[in-house]
file my_file.cif (mmCIF, C-alpha atoms)
data_upload
loop_
_atom_site.label_atom_id
_atom_site.label_comp_id
_atom_site.auth_asym_id
_atom_site.auth_seq_id
_atom_site.Cartn_x
_atom_site.Cartn_y
_atom_site.Cartn_z
CA MET A 1 -7.66 -31.18 11.53
CA SER A 2 -9.92 -28.95 13.59
CA ALA A 3 -12.64 -26.89 11.93
CA PRO A 4 -12.05 -23.11 11.76
CA LEU A 5 -13.81 -20.89 14.26
CA PHE A 6 -15.38 -18.87 11.45
CA SER A 7 -15.36 -18.53 7.67
CA LEU A 8 -13.40 -15.85 5.85
CA PRO A 9 -14.78 -13.94 2.85
CA PRO A 10 -13.76 -15.65 -0.38
CA ILE A 11 -10.93 -14.19 -2.45
CA PRO A 12 -11.98 -13.80 -6.09
CA GLY A 13 -10.25 -15.74 -8.83
CA ILE A 14 -9.29 -13.86 -11.97
CA PRO A 15 -11.14 -14.98 -15.14
CA VAL A 16 -8.80 -16.31 -17.83
CA ARG A 17 -9.65 -15.81 -21.48
CA GLY A 18 -10.46 -19.17 -23.09
CA GLU A 19 -10.71 -21.02 -19.75
CA THR A 20 -13.64 -21.92 -17.52
CA ALA A 21 -11.39 -22.09 -14.45
CA THR A 22 -10.11 -18.90 -12.82
CA TYR A 23 -6.60 -17.95 -11.73
CA PRO A 24 -6.50 -18.08 -7.90
CA ILE A 25 -4.94 -15.08 -6.19
CA GLY A 26 -2.14 -16.00 -3.81
CA ARG A 27 0.33 -13.22 -3.08
CA ILE A 28 0.37 -9.74 -4.64
CA PHE A 29 3.76 -8.10 -5.13
CA CYS A 30 4.06 -4.56 -6.52
CA VAL A 31 7.12 -2.90 -8.05
CA GLY A 32 7.66 0.69 -6.98
CA ARG A 33 8.93 3.53 -9.17
CA ASN A 34 9.37 1.50 -12.34
CA TYR A 35 8.70 4.41 -14.73
CA ALA A 36 11.12 7.34 -14.57
CA ALA A 37 8.45 9.97 -15.26
CA HIS A 38 6.25 8.65 -12.45
CA ALA A 39 9.16 8.70 -10.01
CA ALA A 40 9.83 12.30 -11.01
CA GLU A 41 6.21 13.36 -10.46
CA MET A 42 6.44 11.79 -6.97
CA GLY A 43 9.52 13.88 -6.22
CA VAL A 44 11.98 10.99 -6.08
CA GLU A 45 14.63 9.45 -8.29
CA VAL A 46 14.58 5.96 -9.71
CA ASP A 47 16.76 3.42 -7.93
CA ARG A 48 18.57 1.92 -10.92
CA GLU A 49 20.64 -0.44 -8.76
CA LYS A 50 17.76 -2.83 -8.12
CA PRO A 51 13.94 -2.87 -8.07
CA PHE A 52 12.03 -2.52 -4.81
CA TYR A 53 8.64 -3.83 -3.76
CA PHE A 54 5.63 -3.48 -1.53
CA THR A 55 2.76 -5.94 -1.13
CA LYS A 56 -1.00 -5.98 -1.03
CA SER A 57 -2.97 -8.68 0.76
CA PRO A 58 -5.13 -10.99 -1.37
CA ALA A 59 -8.12 -9.79 0.67
CA SER A 60 -7.68 -6.38 -1.04
CA ALA A 61 -8.40 -7.88 -4.47
CA VAL A 62 -11.49 -7.06 -6.50
CA LEU A 63 -12.39 -7.75 -10.12
CA SER A 64 -12.88 -5.28 -12.93
CA GLY A 65 -16.41 -3.92 -13.20
CA ALA A 66 -16.87 -3.64 -9.46
CA SER A 67 -18.40 -0.67 -7.65
CA VAL A 68 -16.60 -0.07 -4.36
CA PRO A 69 -16.84 2.61 -1.68
CA TYR A 70 -14.34 5.44 -1.40
CA PRO A 71 -11.99 4.22 1.36
CA ALA A 72 -11.87 5.50 4.90
CA GLY A 73 -9.01 7.52 6.30
CA THR A 74 -7.98 9.43 3.20
CA GLY A 75 -8.76 12.64 1.37
CA ASN A 76 -6.37 11.92 -1.51
CA TYR A 77 -7.11 8.56 -3.13
CA HIS A 78 -5.13 7.97 -6.33
CA HIS A 79 -5.37 5.73 -9.39
CA GLU A 80 -2.34 3.83 -10.71
CA MET A 81 -2.70 1.84 -13.94
CA GLU A 82 -0.42 -1.20 -14.23
CA LEU A 83 0.43 -4.36 -16.14
CA ALA A 84 0.13 -7.41 -13.88
CA LEU A 85 1.88 -10.65 -14.63
CA ALA A 86 0.84 -14.01 -13.19
CA ILE A 87 3.26 -16.75 -12.24
CA GLY A 88 2.42 -20.18 -13.62
CA THR A 89 5.50 -22.26 -12.74
CA PRO A 90 7.42 -22.42 -9.45
CA VAL A 91 10.64 -20.45 -9.73
CA PHE A 92 13.44 -19.67 -7.27
CA MET A 93 16.81 -18.00 -7.85
CA ALA A 94 15.93 -17.74 -11.55
CA THR A 95 17.96 -16.28 -14.35
CA PRO A 96 16.15 -13.79 -16.59
CA GLU A 97 15.88 -16.53 -19.23
CA GLN A 98 14.24 -18.92 -16.75
CA ALA A 99 12.04 -16.14 -15.41
CA ARG A 100 10.30 -15.48 -18.72
CA GLY A 101 9.16 -19.12 -18.88
CA ALA A 102 7.50 -18.83 -15.47
CA ILE A 103 4.86 -16.34 -16.68
CA TYR A 104 1.37 -17.81 -17.02
CA GLY A 105 -0.45 -14.69 -18.17
CA TYR A 106 -0.98 -10.95 -18.14
CA CYS A 107 -3.81 -8.62 -17.19
CA CYS A 108 -4.63 -4.97 -16.60
CA ALA A 109 -4.55 -3.96 -12.94
CA LEU A 110 -5.15 -0.94 -10.73
CA ASP A 111 -3.01 -0.18 -7.69
CA MET A 112 -5.32 2.22 -5.86
CA THR A 113 -3.46 4.26 -3.25
CA ARG A 114 -4.21 6.43 -0.22
CA ARG A 115 -1.58 8.90 -1.38
CA ASP A 116 -1.73 11.18 1.65
CA LEU A 117 -1.01 8.26 3.97
CA GLN A 118 1.70 6.83 1.72
CA LEU A 119 3.53 10.15 1.63
CA SER A 120 3.17 10.90 5.34
CA GLU A 121 4.51 7.46 6.26
CA ARG A 122 7.29 7.71 3.68
CA ALA A 123 8.41 11.01 5.19
CA LYS A 124 8.84 9.26 8.54
CA GLN A 125 10.57 6.26 6.93
CA ARG A 126 7.69 4.01 7.93
CA PRO A 127 6.11 1.20 5.89
CA TRP A 128 3.55 2.15 3.25
CA SER A 129 0.90 -0.37 4.34
CA LEU A 130 -1.81 2.15 5.27
CA GLY A 131 -1.38 3.86 1.92
CA LYS A 132 -1.12 0.79 -0.27
CA ASP A 133 -2.78 -2.26 1.32
CA VAL A 134 -6.29 -0.84 1.17
CA GLU A 135 -9.57 -2.74 0.91
CA ASN A 136 -10.63 -3.08 -2.77
CA SER A 137 -7.39 -1.47 -3.92
CA ALA A 138 -5.97 -4.31 -6.05
CA VAL A 139 -8.21 -4.45 -9.11
CA PHE A 140 -7.77 -7.09 -11.81
CA ALA A 141 -9.21 -7.41 -15.31
CA PRO A 142 -9.61 -10.78 -17.05
CA MET A 143 -6.29 -12.46 -17.84
CA THR A 144 -4.75 -13.45 -21.16
CA LYS A 145 -2.39 -16.43 -21.18
CA ALA A 146 1.17 -15.62 -22.15
CA ALA A 147 1.01 -18.18 -24.94
CA ASP A 148 -1.87 -16.22 -26.49
CA MET A 149 -0.26 -12.79 -26.11
CA ALA A 150 2.21 -11.07 -28.39
CA ALA A 151 5.53 -10.20 -26.82
CA ILE A 152 5.33 -7.48 -24.17
CA GLU A 153 7.40 -4.73 -25.74
CA ASP A 154 5.88 -1.36 -26.64
CA GLN A 155 2.16 -1.70 -25.96
CA ARG A 156 0.26 1.40 -24.97
CA ILE A 157 -0.89 1.59 -21.32
CA HIS A 158 -3.51 4.21 -20.47
CA LEU A 159 -6.16 5.26 -17.95
CA SER A 160 -9.08 7.68 -17.95
CA VAL A 161 -11.33 9.08 -15.24
CA ASN A 162 -14.88 9.91 -16.38
CA GLY A 163 -13.64 9.72 -19.96
CA ASP A 164 -10.69 12.11 -19.48
CA ILE A 165 -7.26 10.61 -20.18
CA ARG A 166 -4.99 10.82 -17.14
CA GLN A 167 -2.24 8.27 -17.86
CA ASP A 168 -0.85 7.46 -21.30
CA GLY A 169 2.45 5.63 -21.68
CA ARG A 170 4.20 2.65 -23.24
CA LEU A 171 5.35 -0.60 -21.67
CA SER A 172 8.74 0.01 -23.27
CA GLU A 173 9.21 2.72 -20.62
CA LEU A 174 9.46 0.10 -17.86
CA ILE A 175 12.86 0.51 -16.19
CA TRP A 176 13.00 -3.06 -14.89
CA LYS A 177 11.71 -5.46 -17.52
CA LEU A 178 9.48 -8.41 -16.68
CA ASP A 179 12.19 -11.08 -16.74
CA GLU A 180 14.47 -8.89 -14.62
CA ILE A 181 11.73 -8.36 -12.03
CA ILE A 182 10.95 -12.06 -11.71
CA ALA A 183 14.62 -13.04 -11.58
CA HIS A 184 15.32 -10.48 -8.85
CA LEU A 185 12.21 -11.20 -6.76
CA SER A 186 12.80 -14.94 -6.99
CA GLY A 187 16.06 -14.39 -5.15
CA PHE A 188 14.01 -13.58 -2.06
CA TYR A 189 10.84 -15.68 -2.46
CA HIS A 190 9.94 -19.08 -3.83
CA LEU A 191 7.55 -17.72 -6.44
CA ARG A 192 4.70 -20.06 -7.28
CA PRO A 193 1.42 -20.25 -9.21
CA GLY A 194 -1.04 -17.77 -7.70
CA ASP A 195 1.59 -15.07 -7.27
CA LEU A 196 0.87 -11.80 -9.09
CA ILE A 197 3.33 -9.00 -9.77
CA LEU A 198 2.14 -5.47 -10.56
CA THR A 199 4.97 -4.00 -12.59
CA GLY A 200 4.63 -0.26 -11.98
CA THR A 201 2.63 2.73 -13.18
CA PRO A 202 3.40 5.40 -15.78
CA ALA A 203 3.19 9.11 -15.07
CA GLY A 204 -0.13 10.86 -14.63
CA VAL A 205 -1.39 9.42 -11.36
CA GLY A 206 -3.94 11.58 -9.60
CA PRO A 207 -6.88 11.83 -7.22
CA VAL A 208 -10.33 10.37 -7.69
CA ALA A 209 -13.58 11.00 -5.86
CA ALA A 210 -16.80 9.20 -5.04
CA GLY A 211 -18.86 8.88 -8.21
CA ASP A 212 -15.85 8.65 -10.52
CA VAL A 213 -15.56 5.91 -13.13
CA ILE A 214 -11.99 4.72 -13.73
CA GLU A 215 -11.21 2.89 -16.98
CA GLY A 216 -7.90 1.69 -18.32
CA GLY A 217 -6.32 -0.52 -20.91
CA ILE A 218 -3.20 -2.10 -22.35
CA ASP A 219 -3.04 -3.00 -26.03
CA GLY A 220 -3.99 -6.65 -26.52
CA LEU A 221 -5.50 -7.18 -23.05
CA ASP A 222 -9.02 -6.93 -21.66
CA PRO A 223 -9.71 -3.41 -20.32
CA ILE A 224 -10.31 -2.60 -16.69
CA LYS A 225 -13.05 -0.57 -14.99
CA LEU A 226 -13.78 0.53 -11.43
CA THR A 227 -16.56 2.74 -10.08
CA LEU A 228 -16.18 4.57 -6.77
CA THR A 229 -19.29 5.05 -4.66
CA GLN A 230 -19.84 7.11 -1.52
CA ALA A 231 -17.81 6.10 1.51
CA ALA A 232 -19.36 3.27 3.48
#
call {"tool": "encode", "arguments": {"input": "my_file.cif", "output": "structure tokens"}}
result
Amino acid sequence: MSAPLFSLPPIPGIPVRGETATYPIGRIFCVGRNYAAHAAEMGVEVDREKPFYFTKSPASAVLSGASVPYPAGTGNYHHEMELALAIGTPVFMATPEQARGAIYGYCCALDMTRRDLQLSERAKQRPWSLGKDVENSAVFAPMTKAADMAAIEDQRIHLSVNGDIRQDGRLSELIWKLDEIIAHLSGFYHLRPGDLILTGTPAGVGPVAAGDVIEGGIDGLDPIKLTLTQAA
């Protein structure tokens, strides 16, 4: 096999509680509009027929505690606090019962979004890539293995900016539950270890600015933190 022409920047692995090895980031899938109140604040209705998705590239990943520049090309950068689940077993065309067994772990995540670009592209029925697949926009806290985590049912999910609470909800508000998401998505992809699924954000999303400190949490999981610096 020929040597590559150049080296790519490394993609971070997510620390796993109780392990020295990290969870390698493969693909990042994100569920859209999975909380009714968030869909309402975005001026749309929930599609209750089936979930829908967008993706972020692994190169957009960054770990909790990072300081990253405010991104280019936007004047309306938004926070979105989410529960991320990590696949640990290959699964394809799964039933909801099989899907639950494919989960390796859970972690807090941020889906940072160039909201102005997302909305302008949505209005023209174009893909959301410029709004969603943004450098340093997929933020992951340390992971807890599913075997070490209580059932995901009604845990609190919350986010603050500079200490002020912006998002405050419950995981029980998820429209599409975790096993339903995996079962549905596995009908289109051979899901495998390294795949991460961000399961949606509760209401309260909003803009952030350079200098802001974003902190969030989900009961039972390691918290997440991101600091925005001046644009590069």
call {"tool": "axis_aligned_box", "arguments": {"input": "my_file.cif", "around": "range 82-91 of chain A", "padding_each_side": "3 Å", "output": "lines of an AutoDock Vina configuration file"}}
result
center_x = 5.1
center_y = -11.8
center_z = -12.8
size_x = 17.1
size_y = 27.2
size_z = 12.7
call {"tool": "resolve_selection", "arguments": {"input": "my_file.cif", "expression": "the PyMOL selection byres ((chain A and resi 69) around 6)", "output": "ChimeraX atom specification"}}
result
/A:68,70-71,228-232
call {"tool": "closest_residue", "arguments": {"input": "my_file.cif", "among": "A:Asp164, A:Asp219, A:Glu41, A:Asp111", "to": "Glu135 in chain A", "atoms": "all atoms listed in the file"}}
result
A:Asp111
call {"tool": "resolve_selection", "arguments": {"input": "my_file.cif", "expression": "the PyMOL selection byres ((chain A and resi 208) around 8)", "output": "count of residues only"}}
result
10
call {"tool": "closest_residue", "arguments": {"input": "my_file.cif", "among": "A:Tyr104, A:Phe6, A:Phe54, A:Phe188", "to": "Pro127 in chain A", "atoms": "only C-alpha atoms"}}
result
A:Phe54
call {"tool": "resolve_selection", "arguments": {"input": "my_file.cif", "expression": "the PyMOL selection byres ((chain A and resi 140) around 7)", "output": "list in words"}}
result
Ile14, Val62, Leu63, Ser64, Cys107, Cys108, Ala109, Leu110, Ala138, Val139, Ala141 and Pro142 of chain A
call {"tool": "write_last_selection", "arguments": {"input": "my_file.cif", "atoms": "C-alpha atoms", "output": "PDB file, keeping the file's coordinate frame"}}
result
ATOM      1  CA  ILE A  14      -9.290 -13.860 -11.970  1.00  0.00           C
ATOM      2  CA  VAL A  62     -11.490  -7.060  -6.500  1.00  0.00           C
ATOM      3  CA  LEU A  63     -12.390  -7.750 -10.120  1.00  0.00           C
ATOM      4  CA  SER A  64     -12.880  -5.280 -12.930  1.00  0.00           C
ATOM      5  CA  CYS A 107      -3.810  -8.620 -17.190  1.00  0.00           C
ATOM      6  CA  CYS A 108      -4.630  -4.970 -16.600  1.00  0.00           C
ATOM      7  CA  ALA A 109      -4.550  -3.960 -12.940  1.00  0.00           C
ATOM      8  CA  LEU A 110      -5.150  -0.940 -10.730  1.00  0.00           C
ATOM      9  CA  ALA A 138      -5.970  -4.310  -6.050  1.00  0.00           C
ATOM     10  CA  VAL A 139      -8.210  -4.450  -9.110  1.00  0.00           C
ATOM     11  CA  ALA A 141      -9.210  -7.410 -15.310  1.00  0.00           C
ATOM     12  CA  PRO A 142      -9.610 -10.780 -17.050  1.00  0.00           C
TER      13      PRO A 142
END
call {"tool": "residues_around", "arguments": {"input": "my_file.cif", "residues": "Ile157 in chain A", "least_positions_apart": "4", "cutoff": "10 Å", "atoms": "only C-alpha atoms", "output": "count of residues only"}}
result
16
call {"tool": "residues_around", "arguments": {"input": "my_file.cif", "residues": "Glu97 in chain A", "least_positions_apart": "3", "cutoff": "12 Å", "atoms": "all atoms listed in the file", "output": "list in words"}}
result
Val91, Met93, Ala94, Arg100, Gly101, Ala102, Ile103, Lys177, Leu178, Asp179, Glu180, Ile181, Ile182 and Ala183 of chain A
call {"tool": "closest_residue", "arguments": {"input": "my_file.cif", "among": "A:Gln125, A:Arg27, A:Val213, A:Gly131", "to": "Gly73 in chain A", "atoms": "only C-alpha atoms"}}
result
A:Gly131
call {"tool": "residues_around", "arguments": {"input": "my_file.cif", "residues": "Leu85 in chain A", "least_positions_apart": "3", "cutoff": "6 Å", "atoms": "all atoms listed in the file", "output": "ChimeraX atom specification"}}
result
/A:105-106,196-197
call {"tool": "write_last_selection", "arguments": {"input": "my_file.cif", "atoms": "C-alpha atoms", "output": "short mmCIF file (atom, residue, chain, number, x, y, z; two decimals), in the frame of the given file"}}
result
data_model
loop_
_atom_site.label_atom_id
_atom_site.label_comp_id
_atom_site.auth_asym_id
_atom_site.auth_seq_id
_atom_site.Cartn_x
_atom_site.Cartn_y
_atom_site.Cartn_z
CA GLY A 105 -0.45 -14.69 -18.17
CA TYR A 106 -0.98 -10.95 -18.14
CA LEU A 196 0.87 -11.80 -9.09
CA ILE A 197 3.33 -9.00 -9.77
#
call {"tool": "residues_around", "arguments": {"input": "my_file.cif", "residues": "Pro15 in chain A", "least_positions_apart": "4", "cutoff": "7 Å", "atoms": "all atoms listed in the file", "output": "short mmCIF file (atom, residue, chain, number, x, y, z; two decimals) with C-alpha atoms, in the coordinates of the input"}}
result
data_model
loop_
_atom_site.label_atom_id
_atom_site.label_comp_id
_atom_site.auth_asym_id
_atom_site.auth_seq_id
_atom_site.Cartn_x
_atom_site.Cartn_y
_atom_site.Cartn_z
CA THR A 22 -10.11 -18.90 -12.82
CA TYR A 23 -6.60 -17.95 -11.73
CA PRO A 142 -9.61 -10.78 -17.05
CA MET A 143 -6.29 -12.46 -17.84
#
call {"tool": "atom_distance", "arguments": {"input": "my_file.cif", "atom1": "CA of Ala86 in chain A", "atom2": "CA of Gly187 in chain A"}}
result
17.2 Å
call {"tool": "residues_around", "arguments": {"input": "my_file.cif", "residues": "Phe92 in chain A", "least_positions_apart": "4", "cutoff": "7 Å", "atoms": "only C-alpha atoms", "output": "ChimeraX atom specification"}}
result
/A:186-187,189-191
call {"tool": "build_atoms", "arguments": {"input": "my_file.cif", "residues": "range 50-68 of chain A", "atoms": "N, CA and C atoms", "output": "JSON list (two decimals), in the coordinates of the input"}}
result
[["chain", "number", "residue", "atom", "x", "y", "z"],
["A", 50, "LYS", "N", 18.61, -1.64, -8.22],
["A", 50, "LYS", "CA", 17.76, -2.83, -8.12],
["A", 50, "LYS", "C", 16.32, -2.39, -7.92],
["A", 51, "PRO", "N", 15.35, -3.22, -8.32],
["A", 51, "PRO", "CA", 13.94, -2.87, -8.07],
["A", 51, "PRO", "C", 13.60, -3.00, -6.60],
["A", 52, "PHE", "N", 12.52, -2.32, -6.17],
["A", 52, "PHE", "CA", 12.03, -2.52, -4.81],
["A", 52, "PHE", "C", 10.53, -2.77, -4.86],
["A", 53, "TYR", "N", 10.00, -3.29, -3.75],
["A", 53, "TYR", "CA", 8.64, -3.83, -3.76],
["A", 53, "TYR", "C", 7.86, -3.42, -2.52],
["A", 54, "PHE", "N", 6.55, -3.46, -2.67],
["A", 54, "PHE", "CA", 5.63, -3.48, -1.53],
["A", 54, "PHE", "C", 4.59, -4.55, -1.86],
["A", 55, "THR", "N", 3.75, -4.87, -0.91],
["A", 55, "THR", "CA", 2.76, -5.94, -1.13],
["A", 55, "THR", "C", 1.36, -5.45, -0.80],
["A", 56, "LYS", "N", 0.41, -6.14, -1.37],
["A", 56, "LYS", "CA", -1.00, -5.98, -1.03],
["A", 56, "LYS", "C", -1.52, -7.35, -0.61],
["A", 57, "SER", "N", -2.42, -7.39, 0.34],
["A", 57, "SER", "CA", -2.97, -8.68, 0.76],
["A", 57, "SER", "C", -3.99, -9.16, -0.27],
["A", 58, "PRO", "N", -4.11, -10.48, -0.44],
["A", 58, "PRO", "CA", -5.13, -10.99, -1.37],
["A", 58, "PRO", "C", -6.54, -10.52, -1.02],
["A", 59, "ALA", "N", -6.78, -10.25, 0.27],
["A", 59, "ALA", "CA", -8.12, -9.79, 0.67],
["A", 59, "ALA", "C", -8.45, -8.41, 0.10],
["A", 60, "SER", "N", -7.45, -7.69, -0.43],
["A", 60, "SER", "CA", -7.68, -6.38, -1.04],
["A", 60, "SER", "C", -8.11, -6.49, -2.50],
["A", 61, "ALA", "N", -8.14, -7.70, -3.04],
["A", 61, "ALA", "CA", -8.40, -7.88, -4.47],
["A", 61, "ALA", "C", -9.88, -7.75, -4.80],
["A", 62, "VAL", "N", -10.14, -7.18, -5.97],
["A", 62, "VAL", "CA", -11.49, -7.06, -6.50],
["A", 62, "VAL", "C", -11.38, -7.14, -8.02],
["A", 63, "LEU", "N", -12.44, -7.58, -8.67],
["A", 63, "LEU", "CA", -12.39, -7.75, -10.12],
["A", 63, "LEU", "C", -12.90, -6.52, -10.85],
["A", 64, "SER", "N", -12.43, -6.36, -12.06],
["A", 64, "SER", "CA", -12.88, -5.28, -12.93],
["A", 64, "SER", "C", -14.40, -5.28, -13.06],
["A", 65, "GLY", "N", -14.97, -4.07, -13.11],
["A", 65, "GLY", "CA", -16.41, -3.92, -13.20],
["A", 65, "GLY", "C", -17.08, -3.68, -11.87],
["A", 66, "ALA", "N", -16.31, -3.79, -10.79],
["A", 66, "ALA", "CA", -16.87, -3.64, -9.46],
["A", 66, "ALA", "C", -17.19, -2.17, -9.16],
["A", 67, "SER", "N", -18.13, -1.98, -8.26],
["A", 67, "SER", "CA", -18.40, -0.67, -7.65],
["A", 67, "SER", "C", -18.04, -0.79, -6.18],
["A", 68, "VAL", "N", -17.11, 0.04, -5.73],
["A", 68, "VAL", "CA", -16.60, -0.07, -4.36],
["A", 68, "VAL", "C", -16.64, 1.29, -3.69]]
